[in-house]
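This is my_file_23.tsv (TSV, N, CA and C atoms).
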```
chain	number	residue	atom	x	y	z
A	1	MET	N	29.82	2.66	-1.49
A	1	MET	CA	30.95	1.79	-1.72
A	1	MET	C	31.42	1.92	-3.16
A	2	ARG	N	30.47	1.95	-4.09
A	2	ARG	CA	30.84	2.06	-5.49
A	2	ARG	C	31.53	3.39	-5.77
A	3	THR	N	31.09	4.46	-5.14
A	3	THR	CA	31.69	5.78	-5.32
A	3	THR	C	33.14	5.78	-4.85
A	4	THR	N	33.42	5.10	-3.78
A	4	THR	CA	34.77	5.03	-3.25
A	4	THR	C	35.69	4.31	-4.24
A	5	LYS	N	35.22	3.22	-4.81
A	5	LYS	CA	36.03	2.47	-5.78
A	5	LYS	C	36.27	3.31	-7.03
A	6	THR	N	35.25	4.01	-7.48
A	6	THR	CA	35.38	4.85	-8.68
A	6	THR	C	36.38	5.97	-8.42
A	7	ALA	N	36.29	6.61	-7.25
A	7	ALA	CA	37.21	7.69	-6.91
A	7	ALA	C	38.63	7.17	-6.80
A	8	ALA	N	38.82	6.02	-6.21
A	8	ALA	CA	40.16	5.45	-6.08
A	8	ALA	C	40.73	5.11	-7.44
A	9	LEU	N	39.92	4.57	-8.32
A	9	LEU	CA	40.36	4.24	-9.67
A	9	LEU	C	40.74	5.50	-10.44
A	10	ALA	N	39.93	6.55	-10.30
A	10	ALA	CA	40.21	7.81	-10.99
A	10	ALA	C	41.50	8.43	-10.47
A	11	LEU	N	41.72	8.41	-9.18
A	11	LEU	CA	42.96	8.95	-8.60
A	11	LEU	C	44.18	8.17	-9.06
A	12	THR	N	44.05	6.87	-9.17
A	12	THR	CA	45.14	6.04	-9.66
A	12	THR	C	45.47	6.38	-11.11
A	13	ALA	N	44.45	6.57	-11.92
A	13	ALA	CA	44.66	6.91	-13.33
A	13	ALA	C	45.32	8.28	-13.45
A	14	VAL	N	44.88	9.25	-12.67
A	14	VAL	CA	45.47	10.59	-12.71
A	14	VAL	C	46.93	10.53	-12.26
A	15	ALA	N	47.23	9.78	-11.21
A	15	ALA	CA	48.60	9.66	-10.74
A	15	ALA	C	49.49	9.03	-11.80
A	16	ALA	N	48.98	8.03	-12.50
A	16	ALA	CA	49.77	7.38	-13.55
A	16	ALA	C	50.03	8.35	-14.69
A	17	LEU	N	49.04	9.14	-15.06
A	17	LEU	CA	49.23	10.12	-16.12
A	17	LEU	C	50.23	11.20	-15.73
A	18	LEU	N	50.13	11.68	-14.51
A	18	LEU	CA	51.07	12.70	-14.04
A	18	LEU	C	52.50	12.17	-13.98
A	19	THR	N	52.66	10.96	-13.58
A	19	THR	CA	53.99	10.35	-13.53
A	19	THR	C	54.58	10.23	-14.93
A	20	ALA	N	53.78	9.78	-15.88
A	20	ALA	CA	54.25	9.63	-17.26
A	20	ALA	C	54.55	10.99	-17.87
A	21	THR	N	53.72	11.99	-17.60
A	21	THR	CA	53.94	13.33	-18.13
A	21	THR	C	55.20	13.94	-17.54
A	22	GLY	N	55.40	13.76	-16.26
A	22	GLY	CA	56.60	14.29	-15.60
A	22	GLY	C	57.87	13.68	-16.16
A	23	ALA	N	57.86	12.40	-16.42
A	23	ALA	CA	59.04	11.74	-16.98
A	23	ALA	C	59.31	12.22	-18.40
A	24	ALA	N	58.26	12.40	-19.18
A	24	ALA	CA	58.42	12.88	-20.55
A	24	ALA	C	58.95	14.31	-20.56
A	25	ALA	N	58.46	15.13	-19.65
A	25	ALA	CA	58.92	16.52	-19.58
A	25	ALA	C	60.38	16.58	-19.15
A	26	ALA	N	60.78	15.71	-18.26
A	26	ALA	CA	62.17	15.69	-17.81
A	26	ALA	C	63.10	15.26	-18.93
A	27	ASP	N	62.68	14.32	-19.76
A	27	ASP	CA	63.49	13.86	-20.88
A	27	ASP	C	63.63	14.94	-21.94
A	28	ALA	N	62.57	15.70	-22.17
A	28	ALA	CA	62.56	16.72	-23.23
A	28	ALA	C	63.43	17.91	-22.87
A	29	GLY	N	63.72	18.13	-21.60
A	29	GLY	CA	64.44	19.32	-21.18
A	29	GLY	C	65.95	19.17	-21.12
A	30	THR	N	66.53	18.11	-21.66
A	30	THR	CA	67.97	17.95	-21.60
A	30	THR	C	68.65	18.94	-22.53
A	31	PRO	N	69.70	19.62	-22.05
A	31	PRO	CA	70.35	20.62	-22.88
A	31	PRO	C	71.07	20.00	-24.08
A	32	GLY	N	71.14	20.79	-25.15
A	32	GLY	CA	71.89	20.36	-26.32
A	32	GLY	C	71.11	19.49	-27.28
A	33	THR	N	69.82	19.30	-27.05
A	33	THR	CA	69.04	18.44	-27.93
A	33	THR	C	68.18	19.26	-28.89
A	34	GLY	N	68.37	20.57	-28.93
A	34	GLY	CA	67.61	21.40	-29.84
A	34	GLY	C	66.24	21.77	-29.31
A	35	THR	N	66.01	21.57	-28.02
A	35	THR	CA	64.73	21.92	-27.43
A	35	THR	C	64.69	23.41	-27.15
A	36	PRO	N	63.51	23.97	-26.92
A	36	PRO	CA	63.41	25.39	-26.66
A	36	PRO	C	64.24	25.87	-25.47
A	37	GLY	N	64.52	25.02	-24.53
A	37	GLY	CA	65.29	25.41	-23.36
A	37	GLY	C	66.79	25.31	-23.57
A	38	ALA	N	67.25	24.97	-24.77
A	38	ALA	CA	68.67	24.78	-25.03
A	38	ALA	C	69.41	26.12	-25.06
A	39	GLU	N	70.70	26.06	-24.87
A	39	GLU	CA	71.55	27.25	-24.90
A	39	GLU	C	71.58	27.82	-26.32
A	40	PRO	N	71.62	29.15	-26.45
A	40	PRO	CA	71.74	29.74	-27.78
A	40	PRO	C	73.12	29.48	-28.36
A	41	THR	N	73.19	29.32	-29.69
A	41	THR	CA	74.47	29.04	-30.33
A	41	THR	C	75.14	30.29	-30.87
A	42	GLY	N	74.44	31.39	-30.97
A	42	GLY	CA	75.00	32.64	-31.47
A	42	GLY	C	74.29	33.82	-30.87
A	43	ASP	N	74.55	35.00	-31.42
A	43	ASP	CA	73.92	36.20	-30.89
A	43	ASP	C	72.70	36.62	-31.69
A	44	GLY	N	72.37	35.93	-32.76
A	44	GLY	CA	71.19	36.24	-33.55
A	44	GLY	C	71.36	37.45	-34.44
A	45	ALA	N	72.61	37.79	-34.77
A	45	ALA	CA	72.88	39.00	-35.55
A	45	ALA	C	72.24	38.93	-36.92
A	46	GLN	N	72.30	37.81	-37.57
A	46	GLN	CA	71.76	37.69	-38.91
A	46	GLN	C	70.24	37.91	-38.90
A	47	ALA	N	69.56	37.32	-37.96
A	47	ALA	CA	68.11	37.50	-37.85
A	47	ALA	C	67.76	38.94	-37.50
A	48	LEU	N	68.55	39.55	-36.63
A	48	LEU	CA	68.29	40.94	-36.27
A	48	LEU	C	68.50	41.86	-37.47
A	49	CYS	N	69.57	41.63	-38.22
A	49	CYS	CA	69.83	42.45	-39.41
A	49	CYS	C	68.69	42.33	-40.41
A	50	LYS	N	68.12	41.16	-40.51
A	50	LYS	CA	67.01	40.95	-41.43
A	50	LYS	C	65.77	41.72	-40.99
A	51	ARG	N	65.57	41.87	-39.69
A	51	ARG	CA	64.38	42.51	-39.15
A	51	ARG	C	64.51	44.01	-38.95
A	52	VAL	N	65.68	44.59	-39.17
A	52	VAL	CA	65.90	46.01	-38.92
A	52	VAL	C	64.86	46.90	-39.60
A	53	PRO	N	64.54	46.72	-40.88
A	53	PRO	CA	63.54	47.61	-41.50
A	53	PRO	C	62.17	47.55	-40.82
A	54	LYS	N	61.73	46.37	-40.44
A	54	LYS	CA	60.44	46.24	-39.76
A	54	LYS	C	60.47	46.90	-38.38
A	55	ILE	N	61.58	46.74	-37.69
A	55	ILE	CA	61.71	47.33	-36.36
A	55	ILE	C	61.72	48.85	-36.47
A	56	GLU	N	62.41	49.38	-37.49
A	56	GLU	CA	62.44	50.84	-37.71
A	56	GLU	C	61.02	51.37	-37.92
A	57	LYS	N	60.25	50.70	-38.75
A	57	LYS	CA	58.88	51.13	-39.02
A	57	LYS	C	58.03	51.08	-37.75
A	58	ARG	N	58.19	50.02	-36.99
A	58	ARG	CA	57.40	49.87	-35.77
A	58	ARG	C	57.73	50.97	-34.76
A	59	LEU	N	59.01	51.27	-34.60
A	59	LEU	CA	59.41	52.33	-33.67
A	59	LEU	C	58.89	53.69	-34.13
A	60	ALA	N	59.02	53.97	-35.42
A	60	ALA	CA	58.55	55.25	-35.95
A	60	ALA	C	57.04	55.39	-35.78
A	61	ARG	N	56.32	54.31	-36.03
A	61	ARG	CA	54.86	54.33	-35.89
A	61	ARG	C	54.45	54.55	-34.43
A	62	ALA	N	55.16	53.91	-33.50
A	62	ALA	CA	54.83	54.06	-32.08
A	62	ALA	C	55.11	55.49	-31.61
A	63	LEU	N	56.24	56.05	-32.03
A	63	LEU	CA	56.57	57.43	-31.63
A	63	LEU	C	55.60	58.43	-32.24
A	64	ALA	N	55.18	58.19	-33.48
A	64	ALA	CA	54.21	59.08	-34.11
A	64	ALA	C	52.87	59.02	-33.37
A	65	ARG	N	52.47	57.83	-32.97
A	65	ARG	CA	51.22	57.67	-32.25
A	65	ARG	C	51.29	58.38	-30.89
A	66	LEU	N	52.39	58.18	-30.17
A	66	LEU	CA	52.54	58.82	-28.86
A	66	LEU	C	52.56	60.34	-28.98
A	67	GLY	N	53.15	60.86	-30.04
A	67	GLY	CA	53.26	62.30	-30.22
A	67	GLY	C	52.07	62.93	-30.91
A	68	GLY	N	51.05	62.15	-31.22
A	68	GLY	CA	49.88	62.66	-31.93
A	68	GLY	C	49.05	63.62	-31.09
A	69	ASP	N	48.06	64.23	-31.74
A	69	ASP	CA	47.20	65.17	-31.02
A	69	ASP	C	46.10	64.42	-30.27
A	70	ALA	N	45.19	65.16	-29.69
A	70	ALA	CA	44.15	64.58	-28.84
A	70	ALA	C	43.16	63.71	-29.60
A	71	THR	N	43.16	63.79	-30.93
A	71	THR	CA	42.26	62.92	-31.70
A	71	THR	C	42.89	61.57	-32.00
A	72	GLN	N	44.19	61.44	-31.79
A	72	GLN	CA	44.93	60.20	-32.09
A	72	GLN	C	44.82	59.23	-30.92
A	73	ARG	N	44.22	58.06	-31.16
A	73	ARG	CA	44.15	57.04	-30.11
A	73	ARG	C	45.56	56.59	-29.74
A	74	GLY	N	45.82	56.49	-28.44
A	74	GLY	CA	47.12	56.07	-27.96
A	74	GLY	C	48.10	57.20	-27.76
A	75	SER	N	47.70	58.43	-28.06
A	75	SER	CA	48.63	59.56	-27.92
A	75	SER	C	48.67	60.04	-26.47
A	76	ILE	N	49.76	60.71	-26.15
A	76	ILE	CA	49.91	61.29	-24.82
A	76	ILE	C	48.89	62.42	-24.64
A	77	SER	N	48.68	63.22	-25.68
A	77	SER	CA	47.72	64.33	-25.60
A	77	SER	C	46.31	63.83	-25.29
A	78	ARG	N	45.93	62.75	-25.93
A	78	ARG	CA	44.58	62.20	-25.71
A	78	ARG	C	44.44	61.72	-24.27
A	79	LEU	N	45.47	61.08	-23.76
A	79	LEU	CA	45.40	60.59	-22.38
A	79	LEU	C	45.41	61.76	-21.40
A	80	GLU	N	46.15	62.82	-21.70
A	80	GLU	CA	46.12	64.01	-20.85
A	80	GLU	C	44.71	64.59	-20.81
A	81	GLN	N	44.03	64.61	-21.94
A	81	GLN	CA	42.66	65.10	-21.99
A	81	GLN	C	41.73	64.23	-21.16
A	82	ARG	N	41.93	62.93	-21.22
A	82	ARG	CA	41.10	62.02	-20.43
A	82	ARG	C	41.33	62.23	-18.94
A	83	VAL	N	42.60	62.47	-18.54
A	83	VAL	CA	42.91	62.74	-17.13
A	83	VAL	C	42.20	64.02	-16.70
A	84	GLU	N	42.27	65.03	-17.52
A	84	GLU	CA	41.61	66.31	-17.22
A	84	GLU	C	40.10	66.13	-17.12
A	85	ASN	N	39.51	65.36	-18.01
A	85	ASN	CA	38.07	65.10	-17.97
A	85	ASN	C	37.68	64.37	-16.69
A	86	ALA	N	38.49	63.41	-16.26
A	86	ALA	CA	38.22	62.69	-15.02
A	86	ALA	C	38.34	63.63	-13.82
A	87	ARG	N	39.31	64.53	-13.85
A	87	ARG	CA	39.49	65.50	-12.77
A	87	ARG	C	38.27	66.42	-12.67
A	88	LYS	N	37.81	66.92	-13.83
A	88	LYS	CA	36.64	67.81	-13.84
A	88	LYS	C	35.38	67.10	-13.36
A	89	ALA	N	35.26	65.82	-13.68
A	89	ALA	CA	34.07	65.06	-13.28
A	89	ALA	C	34.15	64.60	-11.83
A	90	GLY	N	35.30	64.76	-11.19
A	90	GLY	CA	35.45	64.35	-9.80
A	90	GLY	C	35.65	62.87	-9.61
A	91	HIS	N	36.08	62.19	-10.65
A	91	HIS	CA	36.34	60.73	-10.57
A	91	HIS	C	37.80	60.52	-10.17
A	92	THR	N	38.07	60.62	-8.88
A	92	THR	CA	39.46	60.60	-8.41
A	92	THR	C	40.15	59.27	-8.68
A	93	GLU	N	39.44	58.16	-8.52
A	93	GLU	CA	40.05	56.85	-8.76
A	93	GLU	C	40.42	56.69	-10.23
A	94	VAL	N	39.53	57.11	-11.11
A	94	VAL	CA	39.79	57.04	-12.55
A	94	VAL	C	40.94	57.96	-12.90
A	95	GLU	N	40.94	59.14	-12.31
A	95	GLU	CA	42.02	60.10	-12.56
A	95	GLU	C	43.37	59.52	-12.13
A	96	THR	N	43.42	58.90	-10.97
A	96	THR	CA	44.66	58.29	-10.49
A	96	THR	C	45.14	57.20	-11.43
A	97	TYR	N	44.23	56.34	-11.84
A	97	TYR	CA	44.58	55.26	-12.76
A	97	TYR	C	45.12	55.81	-14.08
A	98	LEU	N	44.40	56.76	-14.66
A	98	LEU	CA	44.82	57.34	-15.94
A	98	LEU	C	46.11	58.13	-15.80
A	99	ASN	N	46.29	58.79	-14.67
A	99	ASN	CA	47.52	59.55	-14.44
A	99	ASN	C	48.73	58.62	-14.37
A	100	ASP	N	48.58	57.48	-13.73
A	100	ASP	CA	49.67	56.49	-13.69
A	100	ASP	C	49.96	55.96	-15.09
A	101	LYS	N	48.92	55.74	-15.85
A	101	LYS	CA	49.07	55.28	-17.23
A	101	LYS	C	49.78	56.36	-18.06
A	102	LEU	N	49.44	57.62	-17.81
A	102	LEU	CA	50.07	58.73	-18.51
A	102	LEU	C	51.55	58.83	-18.18
A	103	THR	N	51.89	58.64	-16.92
A	103	THR	CA	53.30	58.67	-16.51
A	103	THR	C	54.09	57.59	-17.25
A	104	PHE	N	53.53	56.39	-17.34
A	104	PHE	CA	54.21	55.32	-18.06
A	104	PHE	C	54.34	55.65	-19.54
A	105	ARG	N	53.28	56.15	-20.13
A	105	ARG	CA	53.30	56.46	-21.56
A	105	ARG	C	54.33	57.54	-21.87
A	106	ARG	N	54.46	58.52	-20.99
A	106	ARG	CA	55.48	59.56	-21.18
A	106	ARG	C	56.89	58.96	-21.09
A	107	SER	N	57.06	57.97	-20.23
A	107	SER	CA	58.39	57.35	-20.09
A	107	SER	C	58.75	56.50	-21.30
A	108	LEU	N	57.76	56.13	-22.09
A	108	LEU	CA	58.03	55.33	-23.29
A	108	LEU	C	58.78	56.13	-24.36
A	109	VAL	N	58.52	57.42	-24.45
A	109	VAL	CA	59.11	58.23	-25.51
A	109	VAL	C	60.63	58.19	-25.48
A	110	PRO	N	61.29	58.51	-24.34
A	110	PRO	CA	62.76	58.44	-24.35
A	110	PRO	C	63.29	57.02	-24.56
A	111	THR	N	62.56	56.03	-24.08
A	111	THR	CA	62.98	54.64	-24.28
A	111	THR	C	62.95	54.28	-25.76
A	112	LEU	N	61.87	54.63	-26.45
A	112	LEU	CA	61.76	54.32	-27.88
A	112	LEU	C	62.76	55.13	-28.71
A	113	GLU	N	63.01	56.37	-28.31
A	113	GLU	CA	64.02	57.18	-29.01
A	113	GLU	C	65.41	56.57	-28.86
A	114	LYS	N	65.70	56.06	-27.66
A	114	LYS	CA	66.98	55.39	-27.42
A	114	LYS	C	67.08	54.14	-28.29
A	115	ARG	N	66.00	53.39	-28.39
A	115	ARG	CA	66.01	52.20	-29.24
A	115	ARG	C	66.24	52.56	-30.70
A	116	GLN	N	65.68	53.68	-31.15
A	116	GLN	CA	65.91	54.12	-32.53
A	116	GLN	C	67.39	54.39	-32.76
A	117	LYS	N	68.03	55.06	-31.80
A	117	LYS	CA	69.47	55.35	-31.93
A	117	LYS	C	70.28	54.06	-31.94
A	118	ASP	N	69.94	53.15	-31.04
A	118	ASP	CA	70.64	51.87	-30.99
A	118	ASP	C	70.43	51.08	-32.28
A	119	LEU	N	69.23	51.12	-32.81
A	119	LEU	CA	68.93	50.39	-34.04
A	119	LEU	C	69.67	50.99	-35.23
A	120	ALA	N	69.86	52.30	-35.22
A	120	ALA	CA	70.64	52.94	-36.29
A	120	ALA	C	72.08	52.43	-36.26
A	121	ALA	N	72.63	52.26	-35.07
A	121	ALA	CA	73.99	51.71	-34.94
A	121	ALA	C	74.02	50.26	-35.42
A	122	VAL	N	72.99	49.49	-35.10
A	122	VAL	CA	72.91	48.10	-35.55
A	122	VAL	C	72.82	48.05	-37.06
A	123	LYS	N	72.04	48.93	-37.66
A	123	LYS	CA	71.89	48.98	-39.11
A	123	LYS	C	73.24	49.26	-39.78
A	124	THR	N	73.99	50.19	-39.22
A	124	THR	CA	75.32	50.50	-39.74
A	124	THR	C	76.24	49.28	-39.62
A	125	TRP	N	76.17	48.61	-38.49
A	125	TRP	CA	76.99	47.42	-38.27
A	125	TRP	C	76.62	46.34	-39.27
A	126	CYS	N	75.33	46.16	-39.49
A	126	CYS	CA	74.87	45.13	-40.42
A	126	CYS	C	75.40	45.39	-41.83
A	127	LYS	N	75.38	46.65	-42.27
A	127	LYS	CA	75.90	46.98	-43.60
A	127	LYS	C	77.39	46.70	-43.69
A	128	ALA	N	78.12	46.97	-42.64
A	128	ALA	CA	79.56	46.77	-42.64
A	128	ALA	C	79.94	45.31	-42.48
A	129	ASN	N	79.05	44.47	-41.97
A	129	ASN	CA	79.38	43.07	-41.68
A	129	ASN	C	78.52	42.08	-42.44
A	130	ASN	N	78.17	42.41	-43.67
A	130	ASN	CA	77.46	41.51	-44.56
A	130	ASN	C	76.18	40.96	-43.92
A	131	ASN	N	75.40	41.86	-43.33
A	131	ASN	CA	74.14	41.51	-42.68
A	131	ASN	C	74.28	40.44	-41.59
A	132	GLY	N	75.40	40.48	-40.90
A	132	GLY	CA	75.59	39.59	-39.77
A	132	GLY	C	75.86	38.14	-40.11
A	133	SER	N	76.15	37.86	-41.38
A	133	SER	CA	76.36	36.46	-41.77
A	133	SER	C	77.74	35.96	-41.37
A	134	GLY	N	78.63	36.85	-40.99
A	134	GLY	CA	79.97	36.43	-40.54
A	134	GLY	C	80.91	36.08	-41.66
A	135	LYS	N	80.58	36.39	-42.91
A	135	LYS	CA	81.42	36.03	-44.05
A	135	LYS	C	82.13	37.24	-44.57
```

The structure given in the file should be rewritten as structure tokens.
Amino acid sequence: MRTTKTAALALTAVAALLTATGAAAADAGTPGTGTPGAEPTGDGAQALCKRVPKIEKRLARALARLGGDATQRGSISRLEQRVENARKAGHTEVETYLNDKLTFRRSLVPTLEKRQKDLAAVKTWCKANNNGSGK
């Protein structure tokens, strides 16, 4: 009998907490109040212009890593060697997994190169437009 009362009391307390939390969450999500779910007010050009040098370095570092030799961790060559090692060892499941990973890694190169080209255009735009400040 005591267990039933304790369980009922606990369920009532949990229900009250969930109701209060749900109401608070609903109030916090109203648009236009500066909450994370609010509509953006601009395109973020100024912030992007500020981050261009860091983004350039990150892209260059990623492309250098992907294009590295078999001793470079994260390189395509190293992953190709691992696929070959799995094939020689007869580990077909490992080979399949690594081969899929290799296919994705190879697809990253043209994507990152495209981003570099796009970022170069953004950098030019930023210089011509006072770093996106709109003045």

Applying 7 Å and all atoms listed in the file, which residues near Leu102 in chain A remain after dropping the ones on its own chain fewer than 4 positions away? List them as an mmCIF file with N, CA and C atoms, in the coordinates of the input.
```
data_model
loop_
_atom_site.group_PDB
_atom_site.id
_atom_site.type_symbol
_atom_site.label_atom_id
_atom_site.label_comp_id
_atom_site.auth_asym_id
_atom_site.auth_seq_id
_atom_site.Cartn_x
_atom_site.Cartn_y
_atom_site.Cartn_z
ATOM 1 N N ILE A 76 49.760 60.710 -26.150
ATOM 2 C CA ILE A 76 49.910 61.290 -24.820
ATOM 3 C C ILE A 76 48.890 62.420 -24.640
ATOM 4 N N LEU A 79 45.470 61.080 -23.760
ATOM 5 C CA LEU A 79 45.400 60.590 -22.380
ATOM 6 C C LEU A 79 45.410 61.760 -21.400
ATOM 7 N N GLU A 80 46.150 62.820 -21.700
ATOM 8 C CA GLU A 80 46.120 64.010 -20.850
ATOM 9 C C GLU A 80 44.710 64.590 -20.810
ATOM 10 N N TYR A 97 44.230 56.340 -11.840
ATOM 11 C CA TYR A 97 44.580 55.260 -12.760
ATOM 12 C C TYR A 97 45.120 55.810 -14.080
ATOM 13 N N LEU A 98 44.400 56.760 -14.660
ATOM 14 C CA LEU A 98 44.820 57.340 -15.940
ATOM 15 C C LEU A 98 46.110 58.130 -15.800
ATOM 16 N N ARG A 106 54.460 58.520 -20.990
ATOM 17 C CA ARG A 106 55.480 59.560 -21.180
ATOM 18 C C ARG A 106 56.890 58.960 -21.090
ATOM 19 N N SER A 107 57.060 57.970 -20.230
ATOM 20 C CA SER A 107 58.390 57.350 -20.090
ATOM 21 C C SER A 107 58.750 56.500 -21.300
#
```

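Rounded to one decimal, CA of Leu108 in chain A and CA of Thr96 in chain A lie 18.7 Å from each other.
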
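Computed from the coordinates, the atom N of Glu93 in chain A to atom N of Leu66 in chain A distance equals 25.2 Å.
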
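Of the residues under consideration (A:Gly68, A:Pro53, A:Gly90, A:Gly74), A:Pro53 shows the shortest atom-to-atom contact distance to Ala120 in chain A when counting only C-alpha atoms.
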